[in-house]
Each structure stands twice: as C-alpha cells, then as structure tokens.
>>> print(open('run.cif').read())   # mmCIF, C-alpha atoms
data_coords
loop_
_atom_site.label_atom_id
_atom_site.label_comp_id
_atom_site.auth_asym_id
_atom_site.auth_seq_id
_atom_site.Cartn_x
_atom_site.Cartn_y
_atom_site.Cartn_z
CA MET C 1 39.19 -42.04 43.98
CA ARG C 2 36.11 -41.89 41.75
CA THR C 3 34.26 -38.70 40.88
CA VAL C 4 30.48 -38.41 41.23
CA ILE C 5 28.67 -35.60 39.43
CA SER C 6 25.28 -35.00 40.98
CA PRO C 7 22.31 -35.44 38.62
CA ILE C 8 21.04 -32.03 39.75
CA ASN C 9 23.90 -30.42 37.82
CA GLU C 10 22.52 -31.91 34.59
CA ARG C 11 18.88 -30.92 35.04
CA PRO C 12 17.44 -28.56 32.40
CA ASP C 13 16.08 -26.52 35.33
CA ARG C 14 19.41 -26.59 37.15
CA LEU C 15 18.64 -23.45 39.17
CA PRO C 16 15.56 -24.15 41.34
CA PRO C 17 12.71 -21.62 41.36
CA GLY C 18 13.21 -18.62 43.63
CA GLN C 19 17.02 -19.07 43.73
CA HIS C 20 19.90 -16.94 42.38
CA TRP C 21 23.49 -17.98 41.71
CA SER C 22 26.25 -17.00 44.14
CA ASN C 23 29.97 -17.44 43.53
CA ARG C 24 30.63 -18.56 47.11
CA LEU C 25 29.30 -20.68 49.93
CA HIS C 26 27.84 -18.41 52.58
CA VAL C 27 28.20 -19.38 56.23
CA LEU C 28 25.03 -19.95 58.24
CA GLY C 29 24.53 -21.94 61.42
CA ILE C 30 22.94 -22.13 64.85
CA SER C 31 26.22 -21.69 66.79
CA PRO C 32 29.94 -21.02 66.40
CA PRO C 33 32.02 -24.01 65.30
CA PRO C 34 32.78 -26.37 68.21
CA ASP C 35 36.35 -27.14 69.29
CA ILE C 36 37.32 -30.56 67.90
CA ASP C 37 40.00 -32.97 69.10
CA LEU C 38 40.21 -35.58 66.33
CA SER C 39 41.81 -38.11 68.68
CA ARG C 40 38.58 -38.06 70.72
CA TYR C 41 36.11 -37.56 67.85
CA ARG C 42 33.67 -40.43 67.24
CA LEU C 43 30.94 -40.98 64.65
CA LYS C 44 28.12 -43.04 66.15
CA ILE C 45 25.72 -45.07 64.00
CA PHE C 46 22.71 -46.28 65.98
CA GLY C 47 18.93 -46.62 66.16
CA SER C 48 17.13 -49.15 63.95
CA VAL C 49 20.24 -51.23 63.27
CA GLU C 50 21.12 -54.77 64.34
CA LYS C 51 24.37 -53.67 65.96
CA PRO C 52 25.40 -50.02 66.50
CA ALA C 53 28.84 -48.88 65.34
CA VAL C 54 31.27 -46.21 66.54
CA LEU C 55 34.00 -44.98 64.19
CA THR C 56 37.21 -43.17 65.02
CA TRP C 57 38.59 -40.51 62.69
CA GLU C 58 41.17 -42.97 61.35
CA GLU C 59 38.41 -45.47 60.56
CA ILE C 60 36.44 -42.77 58.72
CA LEU C 61 39.47 -41.99 56.55
CA ASP C 62 39.75 -45.71 55.69
CA LEU C 63 36.28 -45.73 54.09
CA GLU C 64 35.88 -45.43 50.31
CA ARG C 65 36.77 -41.91 49.21
CA VAL C 66 34.86 -40.09 46.46
CA LYS C 67 34.87 -36.61 44.98
CA LEU C 68 31.38 -35.13 44.62
CA ILE C 69 30.65 -32.20 42.31
CA ALA C 70 27.24 -30.74 43.07
CA ASP C 71 25.34 -27.47 43.17
CA PHE C 72 24.43 -26.31 46.68
CA HIS C 73 21.02 -24.72 47.30
CA CYS C 74 20.28 -22.71 50.45
CA VAL C 75 16.73 -22.06 51.62
CA THR C 76 17.69 -18.37 51.97
CA ARG C 77 17.56 -18.28 48.13
CA TRP C 78 21.22 -18.44 47.05
CA SER C 79 22.77 -21.35 45.13
CA CYS C 80 26.45 -22.06 44.56
CA PRO C 81 27.35 -24.07 41.42
CA ASP C 82 29.78 -26.97 41.11
CA VAL C 83 30.94 -27.25 44.70
CA GLU C 84 33.62 -29.94 45.12
CA TRP C 85 33.50 -32.15 48.20
CA ILE C 86 35.66 -35.15 49.13
CA GLY C 87 34.48 -37.71 51.63
CA PHE C 88 32.85 -41.10 51.91
CA PRO C 89 29.54 -42.02 50.23
CA SER C 90 26.57 -42.68 52.51
CA SER C 91 26.35 -46.19 51.02
CA GLU C 92 29.47 -47.12 53.03
CA ILE C 93 27.26 -47.15 56.13
CA LYS C 94 25.43 -50.20 54.79
CA LYS C 95 28.72 -52.11 55.09
CA LEU C 96 29.14 -51.09 58.73
CA VAL C 97 25.71 -51.80 60.21
CA ASN C 98 22.77 -54.04 59.39
CA ILE C 99 19.88 -51.62 58.95
CA LYS C 100 16.53 -53.00 60.09
CA GLU C 101 13.78 -53.29 57.47
CA THR C 102 11.58 -51.05 59.60
CA ALA C 103 13.91 -48.04 59.16
CA LYS C 104 12.44 -45.25 57.03
CA SER C 105 14.60 -42.22 57.82
CA VAL C 106 17.77 -41.01 59.49
CA MET C 107 18.27 -38.26 62.02
CA VAL C 108 21.70 -36.71 61.62
CA HIS C 109 23.16 -35.40 64.89
CA SER C 110 25.80 -32.68 65.14
CA LEU C 111 28.34 -31.75 67.82
CA ASP C 112 26.59 -28.41 68.42
CA GLY C 113 23.19 -30.00 69.14
CA TYR C 114 21.82 -29.53 65.61
CA THR C 115 19.72 -32.30 64.07
CA THR C 116 18.06 -32.86 60.70
CA ASN C 117 16.04 -35.71 59.23
CA VAL C 118 16.56 -37.29 55.80
CA PRO C 119 14.35 -40.06 54.33
CA LEU C 120 16.30 -43.19 53.39
CA GLU C 121 15.44 -42.86 49.68
CA TYR C 122 17.37 -39.56 49.68
CA PHE C 123 20.04 -40.52 52.22
CA PHE C 124 21.36 -43.40 50.12
CA ASP C 125 21.40 -41.56 46.77
CA GLU C 126 24.70 -41.94 44.93
CA ASP C 127 25.45 -38.21 45.32
CA VAL C 128 25.15 -38.12 49.13
CA VAL C 129 28.50 -37.94 50.93
CA PHE C 130 29.98 -37.27 54.34
CA ALA C 131 32.60 -34.71 53.39
CA TYR C 132 35.88 -33.83 55.11
CA ARG C 133 37.43 -31.80 52.28
CA LEU C 134 36.05 -28.80 50.37
CA PHE C 135 37.64 -27.79 47.04
CA ASP C 136 40.46 -30.21 47.88
CA ARG C 137 41.34 -28.51 51.15
CA PRO C 138 40.49 -29.65 54.68
CA LEU C 139 36.89 -28.76 55.49
CA PRO C 140 36.95 -25.33 57.18
CA SER C 141 35.49 -25.14 60.69
CA ASP C 142 32.69 -22.78 59.66
CA HIS C 143 31.65 -25.22 56.91
CA GLY C 144 31.34 -28.19 59.25
CA TYR C 145 34.76 -29.52 60.27
CA PRO C 146 35.47 -32.32 60.76
CA LEU C 147 32.57 -33.97 58.90
CA ARG C 148 29.61 -32.61 56.95
CA LEU C 149 26.72 -34.44 55.36
CA VAL C 150 26.03 -33.24 51.80
CA VAL C 151 22.57 -33.96 50.30
CA PRO C 152 22.51 -32.10 46.96
CA LYS C 153 18.86 -32.83 46.07
CA LEU C 154 17.56 -31.05 49.20
CA TYR C 155 17.97 -27.55 50.62
CA SER C 156 21.27 -27.19 52.42
CA TRP C 157 19.89 -27.15 55.96
CA LYS C 158 19.75 -30.94 55.41
CA SER C 159 23.53 -30.90 54.81
CA ALA C 160 24.33 -30.94 58.52
CA LYS C 161 27.69 -29.65 59.75
CA PHE C 162 29.86 -31.08 62.58
CA VAL C 163 28.27 -34.54 62.18
CA SER C 164 28.64 -36.83 65.19
CA GLY C 165 25.77 -39.29 64.85
CA ILE C 166 23.57 -41.11 62.36
CA GLU C 167 20.37 -42.44 63.89
CA PHE C 168 18.19 -44.76 61.82
CA MET C 169 14.51 -44.26 62.65
CA ASP C 170 11.28 -46.14 61.97
CA GLU C 171 9.46 -42.89 61.23
CA ASP C 172 10.43 -39.56 59.69
CA LEU C 173 10.65 -37.21 62.68
CA PRO C 174 11.50 -33.49 62.41
CA GLY C 175 14.94 -32.15 63.33
CA TYR C 176 16.04 -28.73 64.56
CA TRP C 177 14.76 -26.48 61.75
CA GLU C 178 11.87 -28.79 60.87
CA GLN C 179 10.54 -28.36 64.43
CA ARG C 180 10.71 -24.60 63.84
CA GLY C 181 8.59 -24.63 60.69
CA TYR C 182 10.95 -25.67 57.90
CA HIS C 183 9.58 -28.31 55.54
CA ILE C 184 9.96 -31.94 56.60
CA LEU C 185 11.62 -32.81 53.23
CA GLY C 186 12.96 -29.58 51.66
CA ASP C 187 12.98 -30.18 47.88
CA PRO C 188 14.27 -26.97 46.19
CA TRP C 189 12.50 -27.67 42.88
CA ARG C 190 9.16 -27.81 44.70
CA GLU C 191 10.13 -24.81 46.86
CA GLN C 192 9.50 -26.79 50.03
CA ARG C 193 10.89 -24.12 52.29
CA PHE C 194 8.32 -24.13 55.08
CA TRP C 195 5.45 -26.33 56.21
CA ARG C 196 3.95 -24.27 59.06
#
>>> encode(input="run.cif", output="structure tokens")
Amino acid sequence: MRTVISPINERPDRLPPGQHWSNRLHVLGISPPPDIDLSRYRLKIFGSVEKPAVLTWEEILDLERVKLIADFHCVTRWSCPDVEWIGFPSSEIKKLVNIKETAKSVMVHSLDGYTTNVPLEYFFDEDVVFAYRLFDRPLPSDHGYPLRLVVPKLYSWKSAKFVSGIEFMDEDLPGYWEQRGYHILGDPWREQRFWR
C-alpha cells in the first residue's frame, strides 16, 4: 500500500484564511447515518460513460489501496491536520468505465439523499480517495461508513459521506448544499464558502 501526502499539507499557507485548527473531526451531516448491509451495498458509476458499472463491496476492496494523509477543512471554520484515510484513489474509476470526452464534472450521490458536485480536474487529483478506513480503523458510521469521498483541496462538504453513486456529467450542476447557497467549487484558500 502506497502513502499519498496531500500537497495542501506542504503549502506555506497550510491553514486557509478564516480557519482555526481543531484536534478532532467534528460530525456534521443532513441526517443520521443510514443502516448498511454490506452484502447488499452497491457503488454505481454512471452518466457520461460508455458503459456504466456497479461494484459490490468485495470488488471495492479489490481496488488499489492507498493511505492518504491530508488536512481536512470544514466550511464552518475548523480544520483538522494530518487526517489519515485508507481507501482507493479516484483514478481507479478510469479503469472501470470509459468516461466520455464530454464529461466535465461528477455528482457524488449518497445513501441518505445527499449530493455534491466536483469538477473533473479536482476529482482526479492524486490526493482524492474513496475512504473506508479512518486512522487505520473501519470508517465510523457518523464519518460516512461504508465509503466516503475525500477531496482535500476543497471544503469538506465536498467529501461526501455514505457514497453510493458517481455520476459523470457534461456540465457542473449544483448538489445539495450548492443548491442552498454554498459555493459551486468551495476552495478554502479563496474562502469560497457561499455564492448566493
């Protein structure tokens, strides 16, 4: 298993403006954690792809495994340093589906109805993973069990919990919080918290 250290951890301005360090990951979400039966869990990859794919939990565990070390920045102004995630890199998806050239963004779907959009140039960064372990323990339910997207370069509402679907889109459409006024991108170093 290789280790990836996010480039954000090596920035001279490692703590984005308006943030303060916290020694723990706080729990925020739109609903309580859903009940999960891993034998029935499926990760669907669809949208602007030549042939959609559906992965079982066992197939997810067979994908390349990496450890990611990255700071975690919440739009509510706290940041947690050096969080350790284990999962598969987003680049593994390119091996599973043929993404159409028209695709510009992904919409990540969650088991609780949550969605968030991520432009492809961020989604396929080397430090983007779908995590199933946190600090080398199984991902806790309130942190997104069984699978959580982690996008270190964006505010953490983009790091969707309870992931069940990856939809490739030809345009960058807003997800749950983006429809409610959060910024369409969410870059912490530009303080892109809100756009309405």
>>> atom_distance(input="run.cif", atom1="atom CA of Lys94 of chain C", atom2="atom CA of Arg42 of chain C")
17.8 Å
>>> resolve_selection(input="run.cif", expression="the PyMOL selection byres ((chain C and resi 25) around 9)", output="NGL selection string")
:C and (22-24 or 26-27 or 72 or 78-80 or 83 or 143)
>>> resolve_selection(input="run.cif", expression="the PyMOL selection byres ((chain C and resi 158) around 8)", output="PyMOL selection string")
chain C and resi 116-118+149-151+154-157+159-160+186
>>> closest_residue(input="run.cif", among="C:Pro81, C:Ile99, C:Arg190, C:Ile93", to="Glu10 of chain C", atoms="all atoms listed in the file")
C:Pro81
>>> closest_residue(input="run.cif", among="C:Asp35, C:Glu178, C:Glu92, C:Glu191", to="Tyr114 of chain C", atoms="only C-alpha atoms")
C:Glu178
>>> atom_distance(input="run.cif", atom1="atom CA of Ile184 of chain C", atom2="atom CA of Met169 of chain C")
14.5 Å
>>> resolve_selection(input="run.cif", expression="the PyMOL selection byres ((chain C and resi 102-109) around 6)", output="list of chain:residue names")
C:Ser48, C:Lys100, C:Glu101, C:Ser110, C:Thr115, C:Thr116, C:Asn117, C:Val118, C:Pro119, C:Leu120, C:Val163, C:Ser164, C:Gly165, C:Ile166, C:Glu167, C:Phe168, C:Met169, C:Asp170, C:Glu171, C:Asp172
>>> atom_distance(input="run.cif", atom1="atom CA of Arg11 of chain C", atom2="atom CA of Trp189 of chain C")
10.6 Å
>>> closest_residue(input="run.cif", among="C:Cys74, C:Leu111, C:Leu38, C:Ile86", to="Pro16 of chain C", atoms="only C-alpha atoms")
C:Cys74
>>> closest_residue(input="run.cif", among="C:Lys161, C:Lys95, C:Arg133, C:His183", to="Leu63 of chain C", atoms="all atoms listed in the file")
C:Lys95
>>> closest_residue(input="run.cif", among="C:Arg77, C:Val4, C:Asp37, C:Ser90", to="Ile60 of chain C", atoms="all atoms listed in the file")
C:Ser90
>>> closest_residue(input="run.cif", among="C:Phe162, C:Phe88, C:Trp177, C:Tyr132", to="Gly144 of chain C", atoms="all atoms listed in the file")
C:Phe162
>>> residues_around(input="run.cif", residues="Trp85 of chain C", least_positions_apart="6", cutoff="6 Å", atoms="all atoms listed in the file", output="list in words")
Lys67, Leu68, Ala131, Arg133 and Leu134 of chain C
>>> residues_near_point(input="run.cif", point="(40.7, -44.5, 46.2)", cutoff="7 Å", atoms="all atoms listed in the file", output="list in words")
Met1, Arg2, Glu64 and Arg65 of chain C
>>> residues_near_point(input="run.cif", point="(38.8, -32.1, 43.5)", cutoff="6 Å", atoms="all atoms listed in the file", output="list in words")
Glu84, Phe135 and Asp136 of chain C
>>> write_last_selection(input="run.cif", atoms="C-alpha atoms", output="PDB file, keeping the file's coordinate frame")
ATOM      1  CA  GLU C  84      33.620 -29.940  45.120  1.00  0.00           C
ATOM      2  CA  PHE C 135      37.640 -27.790  47.040  1.00  0.00           C
ATOM      3  CA  ASP C 136      40.460 -30.210  47.880  1.00  0.00           C
TER       4      ASP C 136
END
>>> build_atoms(input="run.cif", residues="segment 23-39 of chain C", atoms="N, CA and C atoms", output="PDB file, keeping the file's coordinate frame")
ATOM      1  N   ASN C  23      28.649 -16.876  43.837  1.00  0.00           N
ATOM      2  CA  ASN C  23      29.970 -17.440  43.530  1.00  0.00           C
ATOM      3  C   ASN C  23      30.692 -17.960  44.766  1.00  0.00           C
ATOM      4  N   ARG C  24      29.987 -18.034  45.888  1.00  0.00           N
ATOM      5  CA  ARG C  24      30.630 -18.560  47.110  1.00  0.00           C
ATOM      6  C   ARG C  24      29.605 -19.226  48.010  1.00  0.00           C
ATOM      7  N   LEU C  25      30.122 -20.061  48.908  1.00  0.00           N
ATOM      8  CA  LEU C  25      29.300 -20.680  49.930  1.00  0.00           C
ATOM      9  C   LEU C  25      29.206 -19.730  51.117  1.00  0.00           C
ATOM     10  N   HIS C  26      28.028 -19.289  51.429  1.00  0.00           N
ATOM     11  CA  HIS C  26      27.840 -18.410  52.580  1.00  0.00           C
ATOM     12  C   HIS C  26      27.820 -19.257  53.849  1.00  0.00           C
ATOM     13  N   VAL C  27      28.140 -18.660  54.967  1.00  0.00           N
ATOM     14  CA  VAL C  27      28.200 -19.380  56.230  1.00  0.00           C
ATOM     15  C   VAL C  27      26.977 -19.050  57.070  1.00  0.00           C
ATOM     16  N   LEU C  28      26.194 -20.076  57.377  1.00  0.00           N
ATOM     17  CA  LEU C  28      25.030 -19.950  58.240  1.00  0.00           C
ATOM     18  C   LEU C  28      25.059 -21.092  59.242  1.00  0.00           C
ATOM     19  N   GLY C  29      24.552 -20.876  60.425  1.00  0.00           N
ATOM     20  CA  GLY C  29      24.530 -21.940  61.420  1.00  0.00           C
ATOM     21  C   GLY C  29      23.824 -21.502  62.679  1.00  0.00           C
ATOM     22  N   ILE C  30      23.634 -22.439  63.599  1.00  0.00           N
ATOM     23  CA  ILE C  30      22.940 -22.130  64.850  1.00  0.00           C
ATOM     24  C   ILE C  30      23.913 -21.763  65.971  1.00  0.00           C
ATOM     25  N   SER C  31      25.229 -21.958  65.734  1.00  0.00           N
ATOM     26  CA  SER C  31      26.220 -21.690  66.790  1.00  0.00           C
ATOM     27  C   SER C  31      27.601 -21.553  66.157  1.00  0.00           C
ATOM     28  N   PRO C  32      28.558 -21.021  66.903  1.00  0.00           N
ATOM     29  CA  PRO C  32      29.940 -21.020  66.400  1.00  0.00           C
ATOM     30  C   PRO C  32      30.453 -22.449  66.267  1.00  0.00           C
ATOM     31  N   PRO C  33      31.470 -22.669  65.438  1.00  0.00           N
ATOM     32  CA  PRO C  33      32.020 -24.010  65.300  1.00  0.00           C
ATOM     33  C   PRO C  33      32.548 -24.536  66.637  1.00  0.00           C
ATOM     34  N   PRO C  34      32.264 -25.806  66.961  1.00  0.00           N
ATOM     35  CA  PRO C  34      32.780 -26.370  68.210  1.00  0.00           C
ATOM     36  C   PRO C  34      34.282 -26.668  68.107  1.00  0.00           C
ATOM     37  N   ASP C  35      34.949 -26.717  69.246  1.00  0.00           N
ATOM     38  CA  ASP C  35      36.350 -27.140  69.290  1.00  0.00           C
ATOM     39  C   ASP C  35      36.394 -28.656  69.111  1.00  0.00           C
ATOM     40  N   ILE C  36      37.263 -29.134  68.236  1.00  0.00           N
ATOM     41  CA  ILE C  36      37.320 -30.560  67.900  1.00  0.00           C
ATOM     42  C   ILE C  36      38.715 -31.098  68.193  1.00  0.00           C
ATOM     43  N   ASP C  37      38.771 -32.204  68.911  1.00  0.00           N
ATOM     44  CA  ASP C  37      40.000 -32.970  69.100  1.00  0.00           C
ATOM     45  C   ASP C  37      39.799 -34.279  68.336  1.00  0.00           C
ATOM     46  N   LEU C  38      40.447 -34.411  67.179  1.00  0.00           N
ATOM     47  CA  LEU C  38      40.210 -35.580  66.330  1.00  0.00           C
ATOM     48  C   LEU C  38      40.550 -36.893  67.019  1.00  0.00           C
ATOM     49  N   SER C  39      41.469 -36.869  67.982  1.00  0.00           N
ATOM     50  CA  SER C  39      41.810 -38.110  68.680  1.00  0.00           C
ATOM     51  C   SER C  39      40.652 -38.593  69.552  1.00  0.00           C
TER      52      SER C  39
END
